[in-house]
Structures are given as C-alpha cells and as structure tokens.
file query.cif (mmCIF, C-alpha atoms)
data_model
#
loop_
_atom_site.label_atom_id
_atom_site.label_comp_id
_atom_site.auth_asym_id
_atom_site.auth_seq_id
_atom_site.Cartn_x
_atom_site.Cartn_y
_atom_site.Cartn_z
CA MET A 10 59.15 101.93 82.49
CA SER A 11 59.03 105.70 82.83
CA GLY A 12 62.45 105.98 84.49
CA GLU A 13 61.02 108.09 87.33
CA PHE A 14 61.91 106.55 90.65
CA ASP A 15 60.67 107.62 94.03
CA VAL A 16 63.08 106.95 96.89
CA GLN A 17 62.07 107.18 100.54
CA ILE A 18 64.65 106.60 103.26
CA ILE A 19 63.18 104.84 106.28
CA GLU A 20 66.25 104.52 108.49
CA ARG A 21 69.91 105.30 107.91
CA ASP A 22 73.23 105.47 109.70
CA ASP A 23 76.86 105.26 108.53
CA ARG A 24 76.93 101.53 107.85
CA GLN A 25 73.37 100.50 107.15
CA ALA A 26 70.20 101.88 105.65
CA ARG A 27 66.68 100.84 104.76
CA PHE A 28 64.83 102.63 101.97
CA VAL A 29 61.86 102.19 99.65
CA VAL A 30 62.22 102.60 95.90
CA ARG A 31 59.07 102.87 93.79
CA GLY A 32 58.90 102.43 90.04
CA LEU A 33 61.29 99.47 89.73
CA THR A 34 60.91 96.15 88.01
CA PRO A 35 62.15 93.06 89.88
CA ALA A 36 64.97 92.72 87.32
CA LEU A 37 66.20 96.27 87.85
CA ALA A 38 65.91 95.92 91.64
CA ASN A 39 68.03 92.77 91.46
CA GLY A 40 70.52 94.44 89.11
CA PHE A 41 70.89 97.24 91.63
CA ARG A 42 71.41 94.73 94.45
CA ARG A 43 74.08 92.92 92.44
CA ALA A 44 75.81 96.20 91.54
CA MET A 45 76.05 97.05 95.26
CA ILE A 46 77.64 93.67 95.95
CA ALA A 47 79.95 93.26 92.97
CA ASP A 48 80.62 96.60 91.26
CA VAL A 49 81.80 98.93 94.01
CA PRO A 50 85.52 98.36 94.68
CA THR A 51 87.14 98.16 98.11
CA PHE A 52 90.66 97.65 99.39
CA ALA A 53 91.51 94.17 100.70
CA ILE A 54 94.80 92.49 101.54
CA ASP A 55 95.91 90.45 98.53
CA SER A 56 99.38 89.19 99.35
CA VAL A 57 101.27 88.85 102.63
CA ARG A 58 105.02 88.58 103.26
CA PHE A 59 105.54 86.83 106.59
CA THR A 60 108.80 87.62 108.35
CA GLU A 61 107.87 85.85 111.56
CA ASN A 62 104.98 83.64 112.55
CA SER A 63 105.43 81.48 115.62
CA SER A 64 101.70 81.46 116.40
CA VAL A 65 99.66 78.26 116.36
CA MET A 66 98.19 79.07 112.95
CA PHE A 67 99.70 78.52 109.52
CA ASP A 68 100.71 81.53 107.41
CA GLU A 69 98.01 80.68 104.86
CA MET A 70 95.24 80.65 107.50
CA ILE A 71 96.32 84.04 108.84
CA GLY A 72 96.51 85.29 105.24
CA LEU A 73 92.87 84.31 104.65
CA ARG A 74 91.81 86.08 107.83
CA LEU A 75 93.71 89.21 106.80
CA GLY A 76 91.96 89.25 103.43
CA LEU A 77 88.62 89.65 105.23
CA VAL A 78 89.66 92.67 107.32
CA PRO A 79 87.72 95.66 105.90
CA LEU A 80 89.91 98.64 105.03
CA THR A 81 88.63 102.18 104.62
CA THR A 82 88.43 103.04 100.92
CA PRO A 83 88.15 106.67 99.79
CA LEU A 84 87.12 105.91 96.21
CA ASP A 85 87.83 109.41 94.88
CA GLU A 86 91.50 109.08 95.77
CA PHE A 87 92.28 105.68 94.23
CA GLU A 88 91.73 103.65 91.08
CA ILE A 89 91.18 99.93 90.60
CA GLY A 90 94.52 98.12 90.87
CA ASP A 91 96.11 100.66 93.25
CA THR A 92 98.13 99.13 96.08
CA VAL A 93 98.74 100.23 99.66
CA THR A 94 101.27 98.52 101.93
CA VAL A 95 100.27 97.59 105.47
CA ALA A 96 102.28 95.91 108.23
CA LEU A 97 101.84 94.30 111.63
CA ASP A 98 104.28 93.36 114.40
CA VAL A 99 102.89 91.86 117.63
CA GLU A 100 104.62 89.78 120.29
CA GLY A 101 102.82 87.47 122.69
CA PRO A 102 101.29 87.08 125.12
CA ALA A 103 98.70 89.20 123.33
CA THR A 104 95.99 89.00 120.71
CA ALA A 105 96.83 90.54 117.35
CA TYR A 106 93.87 92.72 116.36
CA SER A 107 93.08 94.48 113.11
CA GLY A 108 93.78 97.73 114.98
CA ASP A 109 97.45 96.68 115.24
CA ILE A 110 97.78 96.85 111.46
CA GLU A 111 99.70 99.95 110.40
CA SER A 112 99.19 101.42 106.96
CA SER A 113 101.54 103.38 104.73
CA ASP A 114 98.59 105.55 103.66
CA GLU A 115 96.56 107.34 106.30
CA LEU A 116 93.45 107.19 104.08
CA VAL A 117 93.48 103.38 104.06
CA GLN A 118 93.10 102.03 107.61
CA PRO A 119 91.30 99.04 109.17
CA ALA A 120 87.59 99.95 109.31
CA ASP A 121 87.25 98.20 112.68
CA GLU A 122 89.99 97.99 115.26
CA ASN A 123 88.69 95.04 117.25
CA ILE A 124 88.77 92.17 114.76
CA PRO A 125 90.95 89.42 116.27
CA ILE A 126 93.52 87.95 113.88
CA VAL A 127 95.28 85.42 116.11
CA GLU A 128 95.90 84.86 119.80
CA LEU A 129 99.60 84.78 120.65
CA LYS A 130 100.93 82.97 123.74
CA GLU A 131 104.18 83.61 125.62
CA GLY A 132 107.12 83.55 123.18
CA HIS A 133 104.90 83.70 120.08
CA SER A 134 105.19 86.54 117.63
CA LEU A 135 103.66 87.63 114.34
CA GLU A 136 105.28 90.02 111.89
CA PHE A 137 104.33 90.62 108.30
CA GLU A 138 104.05 93.17 105.55
CA ALA A 139 101.13 92.97 103.13
CA ASP A 140 99.78 94.59 99.98
CA ALA A 141 96.17 95.77 99.95
CA VAL A 142 94.74 96.04 96.44
CA LEU A 143 91.68 97.98 95.26
CA ASP A 144 89.34 95.73 93.29
CA THR A 145 85.68 94.75 92.99
CA GLY A 146 83.55 91.99 94.47
CA LYS A 147 83.37 90.50 90.97
CA GLU A 148 87.03 89.51 91.36
CA HIS A 149 86.89 88.21 94.91
CA ALA A 150 84.31 88.20 97.71
CA LYS A 151 86.80 89.84 100.10
CA GLN A 152 86.45 93.00 97.99
CA GLN A 153 82.67 93.30 98.39
CA GLY A 154 81.76 96.62 99.96
CA GLY A 155 78.12 95.67 100.46
CA VAL A 156 77.97 92.71 102.82
CA ALA A 157 74.27 92.36 103.58
CA VAL A 158 72.31 93.73 100.66
CA GLY A 159 68.79 92.57 99.95
CA PHE A 160 65.33 93.73 98.95
CA ARG A 161 61.76 92.61 99.29
CA HIS A 162 58.38 93.80 98.05
CA LEU A 163 56.86 96.60 100.04
CA GLN A 164 53.65 95.26 101.54
CA SER A 165 50.58 97.35 102.25
CA VAL A 166 48.15 96.60 105.03
CA THR A 167 44.42 97.18 104.73
CA VAL A 168 42.50 97.17 107.97
CA GLY A 169 39.02 95.59 107.76
CA ASP A 170 36.20 95.01 110.23
CA ASP A 171 36.65 93.93 113.83
CA ILE A 172 36.96 90.17 114.26
CA GLY A 173 34.29 88.31 116.17
CA GLU A 174 34.32 88.54 119.97
CA PHE A 175 35.31 84.89 120.39
CA ASP A 176 37.51 84.54 117.28
CA GLU A 177 41.18 84.01 117.85
CA GLN A 178 43.57 86.24 115.93
CA GLU A 179 46.53 84.39 114.37
CA PRO A 180 49.95 86.16 114.50
CA GLU A 181 50.77 87.94 111.22
CA ILE A 182 54.57 88.10 111.05
CA LEU A 183 56.17 90.56 108.63
CA ARG A 184 59.79 91.69 108.22
CA GLY A 185 61.30 94.99 107.18
CA ALA A 186 58.76 97.72 106.55
CA ILE A 187 55.07 97.99 105.70
CA GLU A 188 52.80 100.62 104.25
CA THR A 189 49.84 101.42 106.47
CA ASP A 190 46.30 102.35 105.47
CA GLU A 191 47.27 106.02 105.66
CA GLY A 192 50.16 105.49 103.22
CA GLU A 193 52.80 105.80 105.93
CA VAL A 194 55.82 103.45 105.77
CA VAL A 195 56.51 101.91 109.18
CA LEU A 196 59.30 99.60 110.36
CA THR A 197 57.98 96.23 111.48
CA LYS A 198 60.33 96.21 114.48
CA GLU A 199 58.18 98.98 115.95
CA PHE A 200 55.45 96.37 116.63
CA ASP A 201 57.74 93.38 117.17
CA HIS A 202 57.18 92.20 113.56
CA ASP A 203 53.65 91.00 114.44
CA LEU A 204 50.94 93.00 112.71
CA THR A 205 48.35 91.92 115.27
CA ASN A 206 50.23 93.96 117.89
CA LYS A 207 49.66 97.11 115.81
CA TYR A 208 46.08 96.29 114.79
CA PRO A 209 44.66 94.02 117.51
CA GLY A 210 41.21 92.57 117.00
CA THR A 211 40.78 93.56 113.35
CA GLU A 212 40.75 91.74 110.04
CA LEU A 213 43.90 92.48 108.06
CA THR A 214 44.73 92.15 104.37
CA VAL A 215 48.39 92.24 103.33
CA GLU A 216 49.28 92.80 99.67
CA ASP A 217 52.44 93.53 97.70
CA VAL A 218 52.65 97.09 96.40
CA PRO A 219 53.43 96.79 92.65
CA GLY A 220 56.84 98.15 91.68
CA ALA A 221 57.81 99.13 95.25
CA TYR A 222 60.75 97.47 96.97
CA VAL A 223 62.28 97.86 100.41
CA PHE A 224 66.07 97.66 100.25
CA HIS A 225 68.20 96.85 103.26
CA VAL A 226 71.84 97.72 102.68
CA GLU A 227 74.80 97.23 104.98
CA THR A 228 78.47 97.97 104.25
CA ASP A 229 81.58 96.38 105.75
CA GLY A 230 82.83 99.81 106.83
CA SER A 231 85.01 100.49 103.79
CA PHE A 232 82.80 103.52 103.08
CA ASP A 233 79.45 104.77 104.26
CA VAL A 234 76.20 103.38 102.93
CA ALA A 235 75.40 106.47 100.82
CA GLU A 236 78.68 106.04 98.92
CA LEU A 237 77.86 102.37 98.25
CA VAL A 238 74.36 103.10 96.93
CA LEU A 239 75.43 106.06 94.76
CA ARG A 240 78.42 104.22 93.29
CA ALA A 241 76.25 101.19 92.49
CA ALA A 242 73.67 103.39 90.74
CA GLU A 243 76.50 105.10 88.82
CA SER A 244 77.87 101.71 87.77
CA LEU A 245 74.46 100.60 86.47
CA GLY A 246 74.16 103.86 84.53
CA ASP A 247 77.63 103.47 83.03
CA ARG A 248 76.85 99.96 81.89
CA ALA A 249 73.53 101.02 80.36
CA ASP A 250 75.40 103.78 78.47
CA GLU A 251 78.00 101.27 77.30
CA LEU A 252 75.26 98.98 76.00
CA HIS A 253 73.52 101.92 74.31
CA ASP A 254 76.75 103.01 72.61
CA ALA A 255 77.53 99.46 71.49
CA VAL A 256 74.06 99.00 69.98
CA THR A 257 73.89 102.38 68.26
CA ALA A 258 77.49 102.37 66.94
CA MET B 27 115.62 69.02 107.73
CA SER B 28 116.06 70.46 111.20
CA TYR B 29 113.68 69.72 114.06
CA LYS B 30 113.50 70.52 117.75
CA CYS B 31 112.71 67.90 120.39
CA SER B 32 109.52 68.91 122.19
CA ARG B 33 110.83 67.50 125.53
CA CYS B 34 114.54 68.39 125.76
CA LYS B 35 114.32 71.32 123.28
CA ARG B 36 117.56 70.28 121.56
CA ASP B 37 118.09 70.58 117.84
CA VAL B 38 117.68 67.24 116.08
CA THR B 39 118.60 66.26 112.52
CA LEU B 40 116.82 63.21 111.20
CA ASP B 41 118.75 60.68 109.18
CA GLU B 42 117.55 57.87 106.96
CA TYR B 43 117.94 55.07 109.50
CA GLY B 44 117.28 56.68 112.90
CA GLY B 45 113.51 56.97 112.56
CA VAL B 46 111.54 59.74 114.23
CA ARG B 47 113.20 59.84 117.66
CA CYS B 48 115.37 62.33 119.55
CA PRO B 49 118.91 60.88 119.78
CA TYR B 50 119.48 62.62 123.16
CA CYS B 51 116.35 61.77 125.16
CA GLY B 52 114.49 59.26 122.97
CA HIS B 53 111.33 61.38 122.80
CA ARG B 54 109.27 60.78 119.67
CA VAL B 55 107.61 64.19 119.34
CA LEU B 56 109.74 66.49 117.21
CA LEU B 57 108.76 69.99 116.14
CA LYS B 58 109.62 71.26 112.69
CA GLU B 59 111.59 74.49 112.77
CA ARG B 60 110.44 77.43 110.68
CA GLY B 61 112.85 78.19 107.86
CA GLY B 62 114.55 81.58 107.81
CA GLY B 63 113.65 84.27 105.34
CA ILE B 64 110.42 85.76 104.16
CA LYS B 65 107.49 83.67 103.00
CA GLU B 66 105.02 85.24 100.58
CA VAL B 67 101.42 84.07 100.67
CA ASP B 68 98.72 85.05 98.16
CA VAL B 69 95.31 85.63 99.69
CA HIS B 70 92.83 83.97 97.33
#
call {"tool": "encode", "arguments": {"input": "query.cif", "output": "structure tokens"}}
result
Amino acid sequence: MSGEFDVQIIERDDRQARFVVRGLTPALANGFRRAMIADVPTFAIDSVRFTENSSVMFDEMIGLRLGLVPLTTPLDEFEIGDTVTVALDVEGPATAYSGDIESSDELVQPADENIPIVELKEGHSLEFEADAVLDTGKEHAKQQGGVAVGFRHLQSVTVGDDIGEFDEQEPEILRGAIETDEGEVVLTKEFDHDLTNKYPGTELTVEDVPGAYVFHVETDGSFDVAELVLRAAESLGDRADELHDAVTA
Amino acid sequence: MSYKCSRCKRDVTLDEYGGVRCPYCGHRVLLKERGGGIKEVDVH
C-alpha cells in the first residue's frame, strides 16, 4: 500500500459524520473502526457511594445506569486513570435526570441532560456521590466514545440502456452513499435508498469500488466526531510506531 | 433485622419462632428497612 489516503467528507455534524476513505485495505479499515471504538478514552462513572436510595430500584441497578451516562471528556486536559467526582441529590415526586448530576470539574459534565435515571414517587429520594474515571473502551464498554461506528464498501453505479417499455424495474436498495457515473458521491437517503428512484427506467450496474470505504461514525457526546476520528488515527499510528521500534530494536 | 409492616407502618423485629407476621396487626407483608450509612457500589 502506498500510504496515500484520500478522505472525502460527505456529511458531518458534532456527533456524527459520514466520509469516504480511498486507498485502504479491509484490514486497515477494520483496524481504524476498532480504534475508534476501543482506543479513545472517555469518562464514565466507575464507583458510586449511595447515601440515600428509597426509590424502587436497587443501588446496583442505578449504578449500572449511571455508568452509561456519557460525560464530556476534554482529552487534552486529562490522562487515563484521572478521576472526577460527581454527585446527585433529588427528592420525589420527580424524575432524576442526568442533568441533575453535578460535577466537581466544570470540564466534565453530562453530555446530555435528559437521560432519565430513575422515577421517584412521593417520599422517595436519591442521593449519591460517584467517581468518574477516564479509561478506554478496551477496559469497559461504558468507556467507548464511538457508539455506532461502521464502514462498508463504496459502491459505484453505472447507468446502461433504457429498459424495455413493458419490463418491470425491480427496486435496487442501497444504504449509505454511492458513487455516480460522474464520480460524484451521493447519499442514498436523497433518493429514499432506492436507486430506481434516481435512475428510473434504465439498466443499472452496481459494483464495489476497490479500496474505497464509506465510514459512518457516531459519538456518545463525550467529544465531537472529529476528535474521535483524529484520536483513533493517532492511536493506530502510535501502535504502528511501537511495533516498528520493537522489530528494529 | 428490622422491618416495617406494610399495613400499619410499625417497626417489627422478627424472632426465630414468630414467623413472618406483624405482631401488632397480623399482616404478613413486611418491608426491609435500609441500613444506615453509605453503601459503595462498583459499576462493572
């Protein structure tokens, strides 16, 4: 492999992105996917000290829910193993939401404020203090920053002759993005994922583009999607360097 | 072990021979009281 990659961003916002990378092997594409899932650390609640829990749920069940609350993670400011203390105190009747969690560090806050933790009835209350620890998805799934990360081959469409006047055109369902005859990459949602809506009444040939993959990446809100992708690429590079040093030493 | 009767809400202490029954109202549904102090739970 030449090592020259061509990246084309198709759509992108803070939490999710879709982009095409050309010049990859399937193994490297999968390595990149796995790095996004397991190598980029995030904060997650690791231990909880319950002072009061008169809700209908056991402490352990609430603890498991708390572990899955995404916390904002500025990676430049912290190192793996760092701890931040958070706390919550809610009295019923009310629902305890992730937004009720207060943090000792203003940089580490719940990424979403509307995640329900438990519904409290009249006379119920929930009070705890917890430690959030920075670690990777390799250690525990609650610390995965990339939550929906996948890739598929980029497919190109070649438009042929018109189909016969009385021939019926079968639906041609595709997902993600395609490359058109003109070399333009188009999202399949633009034509409701059915190629016959974009090219009605024509013969179509769909083929995989060698070495080109469409990645779809979504984060849990701990950081934006650019941070996730760049950190994963950095992690792959570091590991390649480590292997190189070990072999050449 | 201390319990609370779910009907009359009085504190009940179970002994070896009394069985699970409130000695004041005879109700058989007793609620276990939460112990005082802090309970630490690991999230794994």
call {"tool": "resolve_selection", "arguments": {"input": "query.cif", "expression": "the PyMOL selection byres ((chain A) within 7 of (chain B))", "output": "list in words"}}
result
Asp55, Ser56, Val57, Arg58, Phe59, Thr60, Glu69, Gly72, Leu73 and Gly76 of chain A
call {"tool": "atom_distance", "arguments": {"input": "query.cif", "atom1": "CA of Gly210 (chain A)", "atom2": "CA of Thr167 (chain A)"}}
result
13.5 Å
call {"tool": "atom_distance", "arguments": {"input": "query.cif", "atom1": "CA of Val215 (chain A)", "atom2": "CA of Gly173 (chain A)"}}
result
19.5 Å
call {"tool": "atom_distance", "arguments": {"input": "query.cif", "atom1": "CA of Gln25 (chain A)", "atom2": "CA of Asp201 (chain A)"}}
result
19.9 Å
call {"tool": "closest_residue", "arguments": {"input": "query.cif", "among": "A:Ser63, A:Gly220, A:Ala38, A:Val195", "to": "Leu57 (chain B)", "atoms": "all atoms listed in the file"}}
result
A:Ser63
call {"tool": "closest_residue", "arguments": {"input": "query.cif", "among": "A:Leu237, A:Arg248, A:Ala242, A:Ile126", "to": "Gln153 (chain A)", "atoms": "all atoms listed in the file"}}
result
A:Leu237
call {"tool": "resolve_selection", "arguments": {"input": "query.cif", "expression": "the PyMOL selection byres ((chain A and resi 212) around 9)", "output": "VMD selection string"}}
result
chain A and resid 167 to 172 178 208 to 211 213 to 214
call {"tool": "write_last_selection", "arguments": {"input": "query.cif", "atoms": "C-alpha atoms", "output": "short mmCIF file (atom, residue, chain, number, x, y, z; two decimals), in the frame of the given file"}}
result
data_model
loop_
_atom_site.label_atom_id
_atom_site.label_comp_id
_atom_site.auth_asym_id
_atom_site.auth_seq_id
_atom_site.Cartn_x
_atom_site.Cartn_y
_atom_site.Cartn_z
CA THR A 167 44.42 97.18 104.73
CA VAL A 168 42.50 97.17 107.97
CA GLY A 169 39.02 95.59 107.76
CA ASP A 170 36.20 95.01 110.23
CA ASP A 171 36.65 93.93 113.83
CA ILE A 172 36.96 90.17 114.26
CA GLN A 178 43.57 86.24 115.93
CA TYR A 208 46.08 96.29 114.79
CA PRO A 209 44.66 94.02 117.51
CA GLY A 210 41.21 92.57 117.00
CA THR A 211 40.78 93.56 113.35
CA LEU A 213 43.90 92.48 108.06
CA THR A 214 44.73 92.15 104.37
#
call {"tool": "resolve_selection", "arguments": {"input": "query.cif", "expression": "the PyMOL selection byres ((chain A and resi 20) around 12)", "output": "PDB file with C-alpha atoms, keeping the file's coordinate frame"}}
result
ATOM      1  CA  GLN A  17      62.070 107.180 100.540  1.00  0.00           C
ATOM      2  CA  ILE A  18      64.650 106.600 103.260  1.00  0.00           C
ATOM      3  CA  ILE A  19      63.180 104.840 106.280  1.00  0.00           C
ATOM      4  CA  ARG A  21      69.910 105.300 107.910  1.00  0.00           C
ATOM      5  CA  ASP A  22      73.230 105.470 109.700  1.00  0.00           C
ATOM      6  CA  ASP A  23      76.860 105.260 108.530  1.00  0.00           C
ATOM      7  CA  ARG A  24      76.930 101.530 107.850  1.00  0.00           C
ATOM      8  CA  GLN A  25      73.370 100.500 107.150  1.00  0.00           C
ATOM      9  CA  ALA A  26      70.200 101.880 105.650  1.00  0.00           C
ATOM     10  CA  ARG A  27      66.680 100.840 104.760  1.00  0.00           C
ATOM     11  CA  PHE A  28      64.830 102.630 101.970  1.00  0.00           C
ATOM     12  CA  VAL A  29      61.860 102.190  99.650  1.00  0.00           C
ATOM     13  CA  GLY A 185      61.300  94.990 107.180  1.00  0.00           C
ATOM     14  CA  ALA A 186      58.760  97.720 106.550  1.00  0.00           C
ATOM     15  CA  VAL A 194      55.820 103.450 105.770  1.00  0.00           C
ATOM     16  CA  VAL A 195      56.510 101.910 109.180  1.00  0.00           C
ATOM     17  CA  LEU A 196      59.300  99.600 110.360  1.00  0.00           C
ATOM     18  CA  LYS A 198      60.330  96.210 114.480  1.00  0.00           C
ATOM     19  CA  VAL A 223      62.280  97.860 100.410  1.00  0.00           C
ATOM     20  CA  PHE A 224      66.070  97.660 100.250  1.00  0.00           C
ATOM     21  CA  HIS A 225      68.200  96.850 103.260  1.00  0.00           C
ATOM     22  CA  VAL A 226      71.840  97.720 102.680  1.00  0.00           C
ATOM     23  CA  GLU A 227      74.800  97.230 104.980  1.00  0.00           C
ATOM     24  CA  VAL A 234      76.200 103.380 102.930  1.00  0.00           C
TER      25      VAL A 234
END
call {"tool": "residues_around", "arguments": {"input": "query.cif", "residues": "region 105-120 of chain A", "least_positions_apart": "6", "cutoff": "9 Å", "atoms": "all atoms listed in the file", "output": "NGL selection string"}}
result
:A and (52 or 75 or 78-83 or 86 or 93-99 or 126-129 or 135 or 229-232)
call {"tool": "write_last_selection", "arguments": {"input": "query.cif", "atoms": "C-alpha atoms", "output": "tab-separated table (two decimals), keeping the file's coordinate frame"}}
result
chain	number	residue	atom	x	y	z
A	52	PHE	CA	90.66	97.65	99.39
A	75	LEU	CA	93.71	89.21	106.80
A	78	VAL	CA	89.66	92.67	107.32
A	79	PRO	CA	87.72	95.66	105.90
A	80	LEU	CA	89.91	98.64	105.03
A	81	THR	CA	88.63	102.18	104.62
A	82	THR	CA	88.43	103.04	100.92
A	83	PRO	CA	88.15	106.67	99.79
A	86	GLU	CA	91.50	109.08	95.77
A	93	VAL	CA	98.74	100.23	99.66
A	94	THR	CA	101.27	98.52	101.93
A	95	VAL	CA	100.27	97.59	105.47
A	96	ALA	CA	102.28	95.91	108.23
A	97	LEU	CA	101.84	94.30	111.63
A	98	ASP	CA	104.28	93.36	114.40
A	99	VAL	CA	102.89	91.86	117.63
A	126	ILE	CA	93.52	87.95	113.88
A	127	VAL	CA	95.28	85.42	116.11
A	128	GLU	CA	95.90	84.86	119.80
A	129	LEU	CA	99.60	84.78	120.65
A	135	LEU	CA	103.66	87.63	114.34
A	229	ASP	CA	81.58	96.38	105.75
A	230	GLY	CA	82.83	99.81	106.83
A	231	SER	CA	85.01	100.49	103.79
A	232	PHE	CA	82.80	103.52	103.08
call {"tool": "residues_around", "arguments": {"input": "query.cif", "residues": "region 34-40 of chain B", "least_positions_apart": "6", "cutoff": "10 Å", "atoms": "all atoms listed in the file", "output": "JSON, numbers by chain"}}
result
{"B": [27, 28, 46, 47, 48, 49, 50, 51, 52, 53, 56, 57, 58, 59]}
call {"tool": "residues_around", "arguments": {"input": "query.cif", "residues": "Gly155 (chain A)", "least_positions_apart": "6", "cutoff": "6 Å", "atoms": "only C-alpha atoms", "output": "list in words"}}
result
Met45, Ile46, Glu227 and Thr228 of chain A
call {"tool": "decode", "arguments": {"input": "query.cif", "residues": "region 135-144 of chain A", "atoms": "all heavy atoms", "output": "PDB file, in the first residue's frame"}}
result
ATOM      1  N   LEU A 135     -33.124  10.153  46.234  1.00  0.00           N
ATOM      2  CA  LEU A 135     -31.893   9.535  45.745  1.00  0.00           C
ATOM      3  C   LEU A 135     -30.747  10.515  45.969  1.00  0.00           C
ATOM      4  O   LEU A 135     -30.825  11.676  45.548  1.00  0.00           O
ATOM      5  CB  LEU A 135     -32.022   9.213  44.242  1.00  0.00           C
ATOM      6  CG  LEU A 135     -30.791   8.608  43.563  1.00  0.00           C
ATOM      7  CD1 LEU A 135     -30.469   7.237  44.135  1.00  0.00           C
ATOM      8  CD2 LEU A 135     -31.008   8.493  42.061  1.00  0.00           C
ATOM      9  N   GLU A 136     -29.724  10.047  46.654  1.00  0.00           N
ATOM     10  CA  GLU A 136     -28.560  10.899  46.906  1.00  0.00           C
ATOM     11  C   GLU A 136     -27.306  10.039  46.825  1.00  0.00           C
ATOM     12  O   GLU A 136     -27.246   8.982  47.458  1.00  0.00           O
ATOM     13  CB  GLU A 136     -28.681  11.534  48.303  1.00  0.00           C
ATOM     14  CG  GLU A 136     -27.583  12.518  48.583  1.00  0.00           C
ATOM     15  CD  GLU A 136     -27.672  13.124  49.986  1.00  0.00           C
ATOM     16  OE1 GLU A 136     -28.701  12.905  50.673  1.00  0.00           O
ATOM     17  OE2 GLU A 136     -26.709  13.784  50.394  1.00  0.00           O
ATOM     18  N   PHE A 137     -26.377  10.466  46.028  1.00  0.00           N
ATOM     19  CA  PHE A 137     -25.121   9.711  45.941  1.00  0.00           C
ATOM     20  C   PHE A 137     -23.984  10.616  45.515  1.00  0.00           C
ATOM     21  O   PHE A 137     -24.196  11.747  45.029  1.00  0.00           O
ATOM     22  CB  PHE A 137     -25.246   8.542  44.957  1.00  0.00           C
ATOM     23  CG  PHE A 137     -25.485   8.947  43.537  1.00  0.00           C
ATOM     24  CD1 PHE A 137     -24.449   9.410  42.734  1.00  0.00           C
ATOM     25  CD2 PHE A 137     -26.750   8.864  42.984  1.00  0.00           C
ATOM     26  CE1 PHE A 137     -24.673   9.790  41.430  1.00  0.00           C
ATOM     27  CE2 PHE A 137     -26.987   9.251  41.669  1.00  0.00           C
ATOM     28  CZ  PHE A 137     -25.937   9.711  40.895  1.00  0.00           C
ATOM     29  N   GLU A 138     -22.788  10.099  45.722  1.00  0.00           N
ATOM     30  CA  GLU A 138     -21.573  10.729  45.216  1.00  0.00           C
ATOM     31  C   GLU A 138     -20.883   9.636  44.397  1.00  0.00           C
ATOM     32  O   GLU A 138     -20.932   8.470  44.792  1.00  0.00           O
ATOM     33  CB  GLU A 138     -20.705  11.122  46.410  1.00  0.00           C
ATOM     34  CG  GLU A 138     -19.653  12.148  46.106  1.00  0.00           C
ATOM     35  CD  GLU A 138     -18.868  12.486  47.360  1.00  0.00           C
ATOM     36  OE1 GLU A 138     -17.866  11.808  47.619  1.00  0.00           O
ATOM     37  OE2 GLU A 138     -19.282  13.417  48.060  1.00  0.00           O
ATOM     38  N   ALA A 139     -20.270   9.993  43.298  1.00  0.00           N
ATOM     39  CA  ALA A 139     -19.675   8.952  42.447  1.00  0.00           C
ATOM     40  C   ALA A 139     -18.352   9.424  41.873  1.00  0.00           C
ATOM     41  O   ALA A 139     -18.114  10.633  41.754  1.00  0.00           O
ATOM     42  CB  ALA A 139     -20.636   8.606  41.311  1.00  0.00           C
ATOM     43  N   ASP A 140     -17.507   8.455  41.511  1.00  0.00           N
ATOM     44  CA  ASP A 140     -16.230   8.780  40.874  1.00  0.00           C
ATOM     45  C   ASP A 140     -16.304   8.407  39.399  1.00  0.00           C
ATOM     46  O   ASP A 140     -16.607   7.261  39.063  1.00  0.00           O
ATOM     47  CB  ASP A 140     -15.081   7.985  41.528  1.00  0.00           C
ATOM     48  CG  ASP A 140     -14.813   8.447  42.940  1.00  0.00           C
ATOM     49  OD1 ASP A 140     -15.069   9.635  43.217  1.00  0.00           O
ATOM     50  OD2 ASP A 140     -14.361   7.635  43.754  1.00  0.00           O
ATOM     51  N   ALA A 141     -16.032   9.384  38.540  1.00  0.00           N
ATOM     52  CA  ALA A 141     -15.939   9.114  37.101  1.00  0.00           C
ATOM     53  C   ALA A 141     -14.462   8.957  36.765  1.00  0.00           C
ATOM     54  O   ALA A 141     -13.634   9.761  37.189  1.00  0.00           O
ATOM     55  CB  ALA A 141     -16.542  10.260  36.312  1.00  0.00           C
ATOM     56  N   VAL A 142     -14.148   7.893  36.034  1.00  0.00           N
ATOM     57  CA  VAL A 142     -12.743   7.576  35.728  1.00  0.00           C
ATOM     58  C   VAL A 142     -12.541   7.626  34.213  1.00  0.00           C
ATOM     59  O   VAL A 142     -13.400   7.196  33.450  1.00  0.00           O
ATOM     60  CB  VAL A 142     -12.375   6.173  36.282  1.00  0.00           C
ATOM     61  CG1 VAL A 142     -10.948   5.811  35.927  1.00  0.00           C
ATOM     62  CG2 VAL A 142     -12.565   6.139  37.786  1.00  0.00           C
ATOM     63  N   LEU A 143     -11.392   8.156  33.798  1.00  0.00           N
ATOM     64  CA  LEU A 143     -11.060   8.197  32.368  1.00  0.00           C
ATOM     65  C   LEU A 143     -10.370   6.892  31.976  1.00  0.00           C
ATOM     66  O   LEU A 143      -9.324   6.546  32.532  1.00  0.00           O
ATOM     67  CB  LEU A 143     -10.135   9.382  32.066  1.00  0.00           C
ATOM     68  CG  LEU A 143      -9.793   9.598  30.596  1.00  0.00           C
ATOM     69  CD1 LEU A 143     -11.017  10.039  29.814  1.00  0.00           C
ATOM     70  CD2 LEU A 143      -8.691  10.618  30.430  1.00  0.00           C
ATOM     71  N   ASP A 144     -10.996   6.166  31.054  1.00  0.00           N
ATOM     72  CA  ASP A 144     -10.391   4.917  30.573  1.00  0.00           C
ATOM     73  C   ASP A 144     -10.924   4.612  29.180  1.00  0.00           C
ATOM     74  O   ASP A 144     -11.790   5.329  28.678  1.00  0.00           O
ATOM     75  CB  ASP A 144     -10.685   3.771  31.548  1.00  0.00           C
ATOM     76  CG  ASP A 144      -9.487   2.821  31.651  1.00  0.00           C
ATOM     77  OD1 ASP A 144      -8.749   2.697  30.663  1.00  0.00           O
ATOM     78  OD2 ASP A 144      -9.305   2.206  32.716  1.00  0.00           O
TER      79      ASP A 144
END
